[in-house]
Amino acid sequence: MNGAESLVATLVDRGVDICFANPGTSEMHFLAALENPRMRSVLCLFEGVATGAADGWYRMKDTPASTLLHLGPGLANGLANIHNAKRASSGMVNIIGEHSVSHLKYDPPLQSDIEGLARPLSHWVRRADSADTIAWDTANAVAKASEHPGQIATLILPGDTSWQQAGSAELPPAAKPRRKVPDAARVAHVAQVLRSGEPALIILANKATRGVALLRAGQVAAATGARLGSQFFTARIERGAGRTPIERIPYAVPQAQAFLKGFKHLITVETREPVAFFAYPDKPSLMKAEGTLVHPLVEADEDSELAFDMLLEALGQRGVAPKLQPRIETPVPSGALTPTSIAHALAAAIPENAIVVDESLTTGRESMGLTVGARPHDLINNMGGSIGYSTPVATGAALACPDRRVFCMVGDGSAMYTIQSLWTQARENLNIVTIVFANRIYQILRGEFDNVGAGEPGQRANDMLRLDRPTLDFVALAKGMGVPGRAVTNADEFNKALAEAVAEPGPRLIEVVM
């Protein structure tokens, strides 16, 4: 067994059984080692697709995937979606190929400071200098990626380590990731705050927006009158009919300030207080009202389910029933395509247990609240803000949950960052409906031009925001990568396209011409 084979065997032994890969020359022995029948390998045509897909896999499985990237430039291509994964607390193990040690002294063209590139966005970085110890290094990488919150582990694999024979593997003991117990005094303090009857918003994030933790949060809200909210972007929310509803703090600063104005207390769960995404002239970075108090209930590395159990015990309300979202039968829209008609069409079309990956930005920002009463589904957002996350994340989510339909909503500008995802979706025959909102402009940036007080955009500024000359044809792009698609120009066509896409297995694309 050589070093690469030892690495792959250790990955699968420790529960990492998928690799999103974009390989090069230095990774050929690792590529050969992927013949291990317990490891699934998925080819991605761009490293940012590989790292984004690993993020989507973790968000749905709560276990890390691995990626295979080619040297420093390959890692650099994948960094934007590693940033998004880090912000979403998604664990992943990135395997970065490297020149053999004997070759590095000649300063070959692709040599770079891989550690320097990796460290700002990694929690753990190790260079595997020996085939004999690579199993140990790999086991530690998986353990780090599997912590709560999820961590980014980067293992650098020199070519000679990969091809040399590995000795007998000595591994650290496997340990199930444990979440820390919340501080009892902190829980007692929050119970006292909630008993006061003063208006309170409990802001949920990460693991608290789903499962038993979300149900317990709904019990606390029902017992105390507190409201439940989330940051505008969240890693994953279980929402829809029959689930505990969560209000979304608006993205824009004035709207967020208006939403938060009425609360005396903000109680944070696996997150911090709301912060503006960007700095704007004459607008605050912290969006709470003056005099509002912030109370941490659960820190990022703690167990939110246990915290809500402790809080219900402290309140004497363990038996209270949570408030649940009723099913809202929205009318199937007709006529013009607007953010509202689009949201109504989606609410009617989303099948039960679907996964919705949202990067719709301008179109969906103010209207996704209209889908809260749809059939139960999971909603995934971009925590890091680096564009081009949705189509790769949808790819990973669909591989993690092959029996569930994935809806990927993306603007036309964002879609072009990682459009290669469609090819992988076709190759793997994934059940993904990609909905591209084509308004032929970076509309979100046009709004931001006004928000930052840059004045009225001139001809050159306007030209830098438009997506025309030539007009992008997403149906043709999808067809070229093996994904059937159609364009729609009104709500009636959109309804029909959604119904067709849901009824057929495999990937589909709908270009919504705005």
# chains A, B, ... in the order shown; residues from 1 in each chain; ligands from 1
>>> residues_around(residues="region 186-197 of chain A", least_positions_apart="4", cutoff="8 Å", atoms="only C-alpha atoms", output="PDB file with C-alpha atoms, in the first residue's frame")
ATOM      1  CA  PRO A 182     -23.969  25.353  27.829  1.00  0.00           C
ATOM      2  CA  THR A 224     -42.766  33.039  26.874  1.00  0.00           C
ATOM      3  CA  GLY A 225     -44.058  35.075  23.944  1.00  0.00           C
ATOM      4  CA  ALA A 226     -40.535  35.573  22.634  1.00  0.00           C
ATOM      5  CA  HIS A 265     -33.545  41.826  24.313  1.00  0.00           C
ATOM      6  CA  ILE A 267     -30.852  36.259  22.701  1.00  0.00           C
ATOM      7  CA  HIS A 295     -27.640  37.887  25.795  1.00  0.00           C
ATOM      8  CA  PRO A 296     -25.677  34.864  24.524  1.00  0.00           C
ATOM      9  CA  LEU A 297     -27.513  31.617  25.270  1.00  0.00           C
ATOM     10  CA  ALA A 307     -29.526  24.460  26.051  1.00  0.00           C
ATOM     11  CA  MET A 310     -32.203  23.377  30.231  1.00  0.00           C
ATOM     12  CA  LEU A 311     -34.082  26.608  29.478  1.00  0.00           C
ATOM     13  CA  ALA A 314     -35.639  26.586  34.222  1.00  0.00           C
ATOM     14  CA  LEU A 315     -38.915  28.093  32.981  1.00  0.00           C
TER      15      LEU A 315
END
>>> closest_atom_pairs(of="region 380-416 of chain A", to="region 234-241 of chain A", cutoff="6 Å", atoms="only C-alpha atoms", output="CSV")
residue,atom,partner,partner_atom,distance
A:Ile380,CA,A:Arg236,CA,4.5
A:Asn381,CA,A:Thr234,CA,5.3
A:Met383,CA,A:Thr234,CA,6.0
>>> select_by_dssp(residues="region 139-360 of chain A", states="alpha helix (DSSP H)", output="NGL selection string")
:A and (139-145 or 159-163 or 184-195 or 211-224 or 253-260 or 304-315 or 339-349)
>>> select_by_dssp(residues="region 19-133 of chain A", states="strand (DSSP E)", output="list of chain:residue names")
A:Cys19, A:Phe20, A:Ala21, A:Arg40, A:Ser41, A:Val42, A:Leu43, A:Ala65, A:Ser66, A:Thr67, A:Leu68, A:Leu69, A:Met92, A:Val93, A:Asn94, A:Ile95, A:Ile96, A:Gly97, A:Glu98, A:Trp124, A:Val125, A:Arg126, A:Arg127
>>> write_last_selection(atoms="C-alpha atoms", output="PDB file, in the first residue's frame")
ATOM      1  CA  CYS A  19     -14.196  12.995  -2.900  1.00  0.00           C
ATOM      2  CA  PHE A  20     -14.969  15.977  -5.144  1.00  0.00           C
ATOM      3  CA  ALA A  21     -11.941  16.126  -7.404  1.00  0.00           C
ATOM      4  CA  ARG A  40     -17.118   7.667  -4.342  1.00  0.00           C
ATOM      5  CA  SER A  41     -15.264  10.072  -6.629  1.00  0.00           C
ATOM      6  CA  VAL A  42     -17.017  12.960  -8.369  1.00  0.00           C
ATOM      7  CA  LEU A  43     -15.268  14.925 -11.114  1.00  0.00           C
ATOM      8  CA  ALA A  65     -16.520  15.280   2.416  1.00  0.00           C
ATOM      9  CA  SER A  66     -13.045  15.433   0.901  1.00  0.00           C
ATOM     10  CA  THR A  67     -11.793  17.413  -2.072  1.00  0.00           C
ATOM     11  CA  LEU A  68      -8.780  16.858  -4.312  1.00  0.00           C
ATOM     12  CA  LEU A  69      -7.178  20.041  -5.654  1.00  0.00           C
ATOM     13  CA  MET A  92     -14.368  19.461   4.893  1.00  0.00           C
ATOM     14  CA  VAL A  93     -11.034  17.745   4.274  1.00  0.00           C
ATOM     15  CA  ASN A  94      -9.112  19.357   1.420  1.00  0.00           C
ATOM     16  CA  ILE A  95      -6.329  17.241  -0.094  1.00  0.00           C
ATOM     17  CA  ILE A  96      -3.900  19.507  -1.958  1.00  0.00           C
ATOM     18  CA  GLY A  97      -1.350  17.914  -4.259  1.00  0.00           C
ATOM     19  CA  GLU A  98       2.248  19.152  -4.055  1.00  0.00           C
ATOM     20  CA  TRP A 124      -5.932  22.927  10.544  1.00  0.00           C
ATOM     21  CA  VAL A 125      -3.084  22.614   7.997  1.00  0.00           C
ATOM     22  CA  ARG A 126      -0.596  19.754   7.773  1.00  0.00           C
ATOM     23  CA  ARG A 127       2.017  18.719   5.184  1.00  0.00           C
TER      24      ARG A 127
END
>>> residues_around(residues="Ala276 (chain A)", least_positions_apart="3", cutoff="10 Å", atoms="only C-alpha atoms", output="list in words")
Pro250, Tyr251, Ala252, Val253, Ala256, Ala279, Tyr280, Lys283, Pro284, Ser285, Leu286 and Met287 of chain A
>>> residues_around(residues="Gly388 (chain A)", least_positions_apart="4", cutoff="8 Å", atoms="only C-alpha atoms", output="PyMOL selection string")
chain A and resi 81+392+414-418
>>> write_last_selection(atoms="all heavy atoms", output="CSV table (one decimal), in the first residue's frame")
chain,number,residue,atom,x,y,z
A,81,ASN,N,-15.3,29.3,-2.3
A,81,ASN,CA,-16.3,28.5,-1.7
A,81,ASN,C,-15.8,27.8,-0.4
A,81,ASN,O,-16.6,27.4,0.4
A,81,ASN,CB,-16.8,27.5,-2.7
A,81,ASN,CG,-17.9,28.0,-3.5
A,81,ASN,OD1,-18.7,28.9,-3.0
A,81,ASN,ND2,-18.0,27.7,-4.8
A,392,PRO,N,-22.8,24.8,-7.0
A,392,PRO,CA,-22.0,23.7,-6.4
A,392,PRO,C,-22.6,23.2,-5.1
A,392,PRO,O,-22.6,21.9,-4.9
A,392,PRO,CB,-20.6,24.4,-6.1
A,392,PRO,CG,-20.6,25.6,-7.0
A,392,PRO,CD,-22.0,26.0,-7.1
A,414,SER,N,-24.5,35.7,-10.9
A,414,SER,CA,-23.9,34.7,-10.0
A,414,SER,C,-23.8,33.3,-10.7
A,414,SER,O,-22.8,32.6,-10.4
A,414,SER,CB,-24.8,34.5,-8.8
A,414,SER,OG,-25.0,35.7,-8.1
A,415,ALA,N,-24.7,32.9,-11.5
A,415,ALA,CA,-24.7,31.6,-12.2
A,415,ALA,C,-23.4,31.4,-13.0
A,415,ALA,O,-22.9,30.3,-13.1
A,415,ALA,CB,-25.9,31.4,-13.0
A,416,MET,N,-22.9,32.5,-13.6
A,416,MET,CA,-21.7,32.4,-14.5
A,416,MET,C,-20.4,32.1,-13.7
A,416,MET,O,-19.4,31.7,-14.3
A,416,MET,CB,-21.6,33.6,-15.3
A,416,MET,CG,-22.7,33.8,-16.4
A,416,MET,SD,-22.8,32.3,-17.5
A,416,MET,CE,-21.2,32.4,-18.3
A,417,TYR,N,-20.4,32.3,-12.4
A,417,TYR,CA,-19.2,32.0,-11.6
A,417,TYR,C,-18.8,30.5,-11.6
A,417,TYR,O,-17.7,30.1,-11.7
A,417,TYR,CB,-19.3,32.5,-10.2
A,417,TYR,CG,-19.1,34.0,-10.0
A,417,TYR,CD1,-20.0,34.9,-10.6
A,417,TYR,CD2,-18.0,34.5,-9.3
A,417,TYR,CE1,-19.8,36.3,-10.4
A,417,TYR,CE2,-17.9,35.8,-9.1
A,417,TYR,CZ,-18.7,36.7,-9.7
A,417,TYR,OH,-18.5,38.1,-9.5
A,418,THR,N,-19.8,29.7,-11.5
A,418,THR,CA,-19.6,28.2,-11.3
A,418,THR,C,-20.6,27.4,-12.2
A,418,THR,O,-21.1,26.4,-11.8
A,418,THR,CB,-19.7,27.8,-9.9
A,418,THR,OG1,-20.9,28.4,-9.3
A,418,THR,CG2,-18.5,28.2,-9.1
>>> residues_around(residues="Gly319 (chain A)", least_positions_apart="6", cutoff="12 Å", atoms="only C-alpha atoms", output="PyMOL selection string")
chain A and resi 216+218-220+222-223+309+312-313
>>> write_last_selection(atoms="C-alpha atoms", output="mmCIF file, in the first residue's frame")
data_model
loop_
_atom_site.group_PDB
_atom_site.id
_atom_site.type_symbol
_atom_site.label_atom_id
_atom_site.label_comp_id
_atom_site.auth_asym_id
_atom_site.auth_seq_id
_atom_site.Cartn_x
_atom_site.Cartn_y
_atom_site.Cartn_z
ATOM 1 C CA ARG A 216 -37.520 23.119 21.604
ATOM 2 C CA GLY A 218 -40.629 26.733 19.384
ATOM 3 C CA GLN A 219 -41.672 25.524 22.826
ATOM 4 C CA VAL A 220 -39.745 28.373 24.470
ATOM 5 C CA ALA A 222 -44.869 29.478 22.875
ATOM 6 C CA ALA A 223 -44.242 29.540 26.627
ATOM 7 C CA ASP A 309 -33.939 21.611 27.330
ATOM 8 C CA LEU A 312 -37.478 24.889 29.418
ATOM 9 C CA GLU A 313 -36.613 23.229 32.726
#
>>> residues_around(residues="Thr434 (chain A)", least_positions_apart="3", cutoff="9 Å", atoms="only C-alpha atoms", output="list of chain:residue names")
A:Thr391, A:Ala394, A:Val406, A:Phe407, A:Cys408, A:Met409, A:Val410, A:Leu422, A:Pro507, A:Arg508, A:Leu509, A:Ile510, A:Glu511
>>> closest_residue(among="A:Lys264, A:Lys288, A:Arg318, A:Arg178", to="Ala217 (chain A)", atoms="only C-alpha atoms")
A:Arg318
>>> closest_residue(among="A:Ala503, A:Leu346, A:Ile419, A:Leu34", to="Val332 (chain A)", atoms="only C-alpha atoms")
A:Leu346
>>> residues_around(residues="Lys176 (chain A)", least_positions_apart="2", cutoff="12 Å", atoms="only C-alpha atoms", output="PDB file with all heavy atoms, in the first residue's frame")
ATOM      1  N   ARG A  14     -12.643   6.389   8.470  1.00  0.00           N
ATOM      2  CA  ARG A  14     -13.107   7.400   9.417  1.00  0.00           C
ATOM      3  C   ARG A  14     -14.378   8.110   8.935  1.00  0.00           C
ATOM      4  O   ARG A  14     -14.743   9.160   9.475  1.00  0.00           O
ATOM      5  CB  ARG A  14     -11.985   8.409   9.680  1.00  0.00           C
ATOM      6  CG  ARG A  14     -10.788   7.804  10.432  1.00  0.00           C
ATOM      7  CD  ARG A  14     -11.222   7.260  11.785  1.00  0.00           C
ATOM      8  NE  ARG A  14     -10.230   6.456  12.446  1.00  0.00           N
ATOM      9  CZ  ARG A  14      -9.428   6.888  13.432  1.00  0.00           C
ATOM     10  NH1 ARG A  14      -9.486   8.144  13.822  1.00  0.00           N
ATOM     11  NH2 ARG A  14      -8.581   6.075  14.016  1.00  0.00           N
ATOM     12  N   GLY A  15     -15.050   7.553   7.933  1.00  0.00           N
ATOM     13  CA  GLY A  15     -16.376   8.043   7.568  1.00  0.00           C
ATOM     14  C   GLY A  15     -16.438   9.037   6.437  1.00  0.00           C
ATOM     15  O   GLY A  15     -17.526   9.540   6.113  1.00  0.00           O
ATOM     16  N   THR A  63     -21.526  15.422   8.082  1.00  0.00           N
ATOM     17  CA  THR A  63     -20.234  14.744   8.066  1.00  0.00           C
ATOM     18  C   THR A  63     -19.418  15.316   6.917  1.00  0.00           C
ATOM     19  O   THR A  63     -19.976  15.673   5.868  1.00  0.00           O
ATOM     20  CB  THR A  63     -20.377  13.216   7.885  1.00  0.00           C
ATOM     21  OG1 THR A  63     -21.079  12.953   6.655  1.00  0.00           O
ATOM     22  CG2 THR A  63     -21.136  12.604   9.046  1.00  0.00           C
ATOM     23  N   VAL A 142      -9.599  14.344   9.510  1.00  0.00           N
ATOM     24  CA  VAL A 142     -11.017  14.015   9.579  1.00  0.00           C
ATOM     25  C   VAL A 142     -11.592  14.387  10.946  1.00  0.00           C
ATOM     26  O   VAL A 142     -12.696  14.937  11.041  1.00  0.00           O
ATOM     27  CB  VAL A 142     -11.250  12.526   9.284  1.00  0.00           C
ATOM     28  CG1 VAL A 142     -12.719  12.151   9.498  1.00  0.00           C
ATOM     29  CG2 VAL A 142     -10.815  12.187   7.863  1.00  0.00           C
ATOM     30  N   ALA A 143     -10.837  14.109  12.001  1.00  0.00           N
ATOM     31  CA  ALA A 143     -11.305  14.456  13.346  1.00  0.00           C
ATOM     32  C   ALA A 143     -11.515  15.961  13.477  1.00  0.00           C
ATOM     33  O   ALA A 143     -12.508  16.418  14.065  1.00  0.00           O
ATOM     34  CB  ALA A 143     -10.313  13.958  14.391  1.00  0.00           C
ATOM     35  N   LYS A 144     -10.594  16.737  12.919  1.00  0.00           N
ATOM     36  CA  LYS A 144     -10.728  18.195  12.999  1.00  0.00           C
ATOM     37  C   LYS A 144     -11.940  18.671  12.211  1.00  0.00           C
ATOM     38  O   LYS A 144     -12.740  19.489  12.696  1.00  0.00           O
ATOM     39  CB  LYS A 144      -9.468  18.865  12.456  1.00  0.00           C
ATOM     40  CG  LYS A 144      -9.428  20.364  12.671  1.00  0.00           C
ATOM     41  CD  LYS A 144      -9.377  20.691  14.158  1.00  0.00           C
ATOM     42  CE  LYS A 144      -9.314  22.190  14.406  1.00  0.00           C
ATOM     43  NZ  LYS A 144      -9.332  22.514  15.855  1.00  0.00           N
ATOM     44  N   ALA A 145     -12.109  18.154  10.988  1.00  0.00           N
ATOM     45  CA  ALA A 145     -13.239  18.570  10.157  1.00  0.00           C
ATOM     46  C   ALA A 145     -14.576  18.191  10.774  1.00  0.00           C
ATOM     47  O   ALA A 145     -15.597  18.838  10.512  1.00  0.00           O
ATOM     48  CB  ALA A 145     -13.108  17.959   8.768  1.00  0.00           C
ATOM     49  N   SER A 146     -14.584  17.149  11.608  1.00  0.00           N
ATOM     50  CA  SER A 146     -15.827  16.626  12.187  1.00  0.00           C
ATOM     51  C   SER A 146     -16.219  17.301  13.488  1.00  0.00           C
ATOM     52  O   SER A 146     -17.265  16.980  14.063  1.00  0.00           O
ATOM     53  CB  SER A 146     -15.685  15.118  12.433  1.00  0.00           C
ATOM     54  OG  SER A 146     -15.373  14.421  11.244  1.00  0.00           O
ATOM     55  N   GLU A 147     -15.425  18.236  13.978  1.00  0.00           N
ATOM     56  CA  GLU A 147     -15.758  18.921  15.231  1.00  0.00           C
ATOM     57  C   GLU A 147     -17.028  19.755  15.057  1.00  0.00           C
ATOM     58  O   GLU A 147     -17.509  19.987  13.953  1.00  0.00           O
ATOM     59  CB  GLU A 147     -14.592  19.818  15.665  1.00  0.00           C
ATOM     60  CG  GLU A 147     -13.361  19.065  16.140  1.00  0.00           C
ATOM     61  CD  GLU A 147     -12.242  19.990  16.576  1.00  0.00           C
ATOM     62  OE1 GLU A 147     -12.448  21.234  16.566  1.00  0.00           O
ATOM     63  OE2 GLU A 147     -11.157  19.489  16.921  1.00  0.00           O
ATOM     64  N   HIS A 148     -17.570  20.198  16.198  1.00  0.00           N
ATOM     65  CA  HIS A 148     -18.692  21.136  16.173  1.00  0.00           C
ATOM     66  C   HIS A 148     -18.232  22.457  16.770  1.00  0.00           C
ATOM     67  O   HIS A 148     -17.753  22.481  17.896  1.00  0.00           O
ATOM     68  CB  HIS A 148     -19.879  20.611  16.981  1.00  0.00           C
ATOM     69  CG  HIS A 148     -20.988  21.633  17.093  1.00  0.00           C
ATOM     70  ND1 HIS A 148     -21.822  21.925  16.040  1.00  0.00           N
ATOM     71  CD2 HIS A 148     -21.357  22.441  18.112  1.00  0.00           C
ATOM     72  CE1 HIS A 148     -22.670  22.864  16.421  1.00  0.00           C
ATOM     73  NE2 HIS A 148     -22.417  23.197  17.668  1.00  0.00           N
ATOM     74  N   PRO A 173      -7.020   7.166  18.320  1.00  0.00           N
ATOM     75  CA  PRO A 173      -8.346   6.583  18.571  1.00  0.00           C
ATOM     76  C   PRO A 173      -9.442   7.461  17.984  1.00  0.00           C
ATOM     77  O   PRO A 173      -9.383   8.691  18.057  1.00  0.00           O
ATOM     78  CB  PRO A 173      -8.428   6.510  20.097  1.00  0.00           C
ATOM     79  CG  PRO A 173      -7.417   7.491  20.590  1.00  0.00           C
ATOM     80  CD  PRO A 173      -6.318   7.516  19.574  1.00  0.00           C
ATOM     81  N   ALA A 174     -10.436   6.822  17.392  1.00  0.00           N
ATOM     82  CA  ALA A 174     -11.576   7.557  16.842  1.00  0.00           C
ATOM     83  C   ALA A 174     -12.465   8.029  17.980  1.00  0.00           C
ATOM     84  O   ALA A 174     -12.738   7.286  18.921  1.00  0.00           O
ATOM     85  CB  ALA A 174     -12.370   6.669  15.892  1.00  0.00           C
ATOM     86  N   ARG A 178     -18.132  15.783  20.149  1.00  0.00           N
ATOM     87  CA  ARG A 178     -19.015  16.159  21.256  1.00  0.00           C
ATOM     88  C   ARG A 178     -19.206  17.668  21.284  1.00  0.00           C
ATOM     89  O   ARG A 178     -18.263  18.420  21.051  1.00  0.00           O
ATOM     90  CB  ARG A 178     -18.430  15.692  22.594  1.00  0.00           C
ATOM     91  CG  ARG A 178     -18.359  14.168  22.735  1.00  0.00           C
ATOM     92  CD  ARG A 178     -17.816  13.784  24.119  1.00  0.00           C
ATOM     93  NE  ARG A 178     -17.752  12.345  24.292  1.00  0.00           N
ATOM     94  CZ  ARG A 178     -18.764  11.601  24.727  1.00  0.00           C
ATOM     95  NH1 ARG A 178     -19.911  12.188  25.038  1.00  0.00           N
ATOM     96  NH2 ARG A 178     -18.641  10.293  24.853  1.00  0.00           N
ATOM     97  N   ARG A 179     -20.412  18.078  21.576  1.00  0.00           N
ATOM     98  CA  ARG A 179     -20.686  19.497  21.735  1.00  0.00           C
ATOM     99  C   ARG A 179     -20.592  19.850  23.213  1.00  0.00           C
ATOM    100  O   ARG A 179     -20.982  19.059  24.079  1.00  0.00           O
ATOM    101  CB  ARG A 179     -22.072  19.846  21.203  1.00  0.00           C
ATOM    102  CG  ARG A 179     -22.252  19.487  19.737  1.00  0.00           C
ATOM    103  CD  ARG A 179     -23.651  19.846  19.266  1.00  0.00           C
ATOM    104  NE  ARG A 179     -23.945  19.179  18.000  1.00  0.00           N
ATOM    105  CZ  ARG A 179     -25.115  19.221  17.393  1.00  0.00           C
ATOM    106  NH1 ARG A 179     -26.110  19.909  17.934  1.00  0.00           N
ATOM    107  NH2 ARG A 179     -25.313  18.583  16.263  1.00  0.00           N
TER     108      ARG A 179
END
>>> closest_residue(among="A:Trp136, A:Phe494, A:Trp57, A:Phe30", to="Pro402 (chain A)", atoms="only C-alpha atoms")
A:Trp57
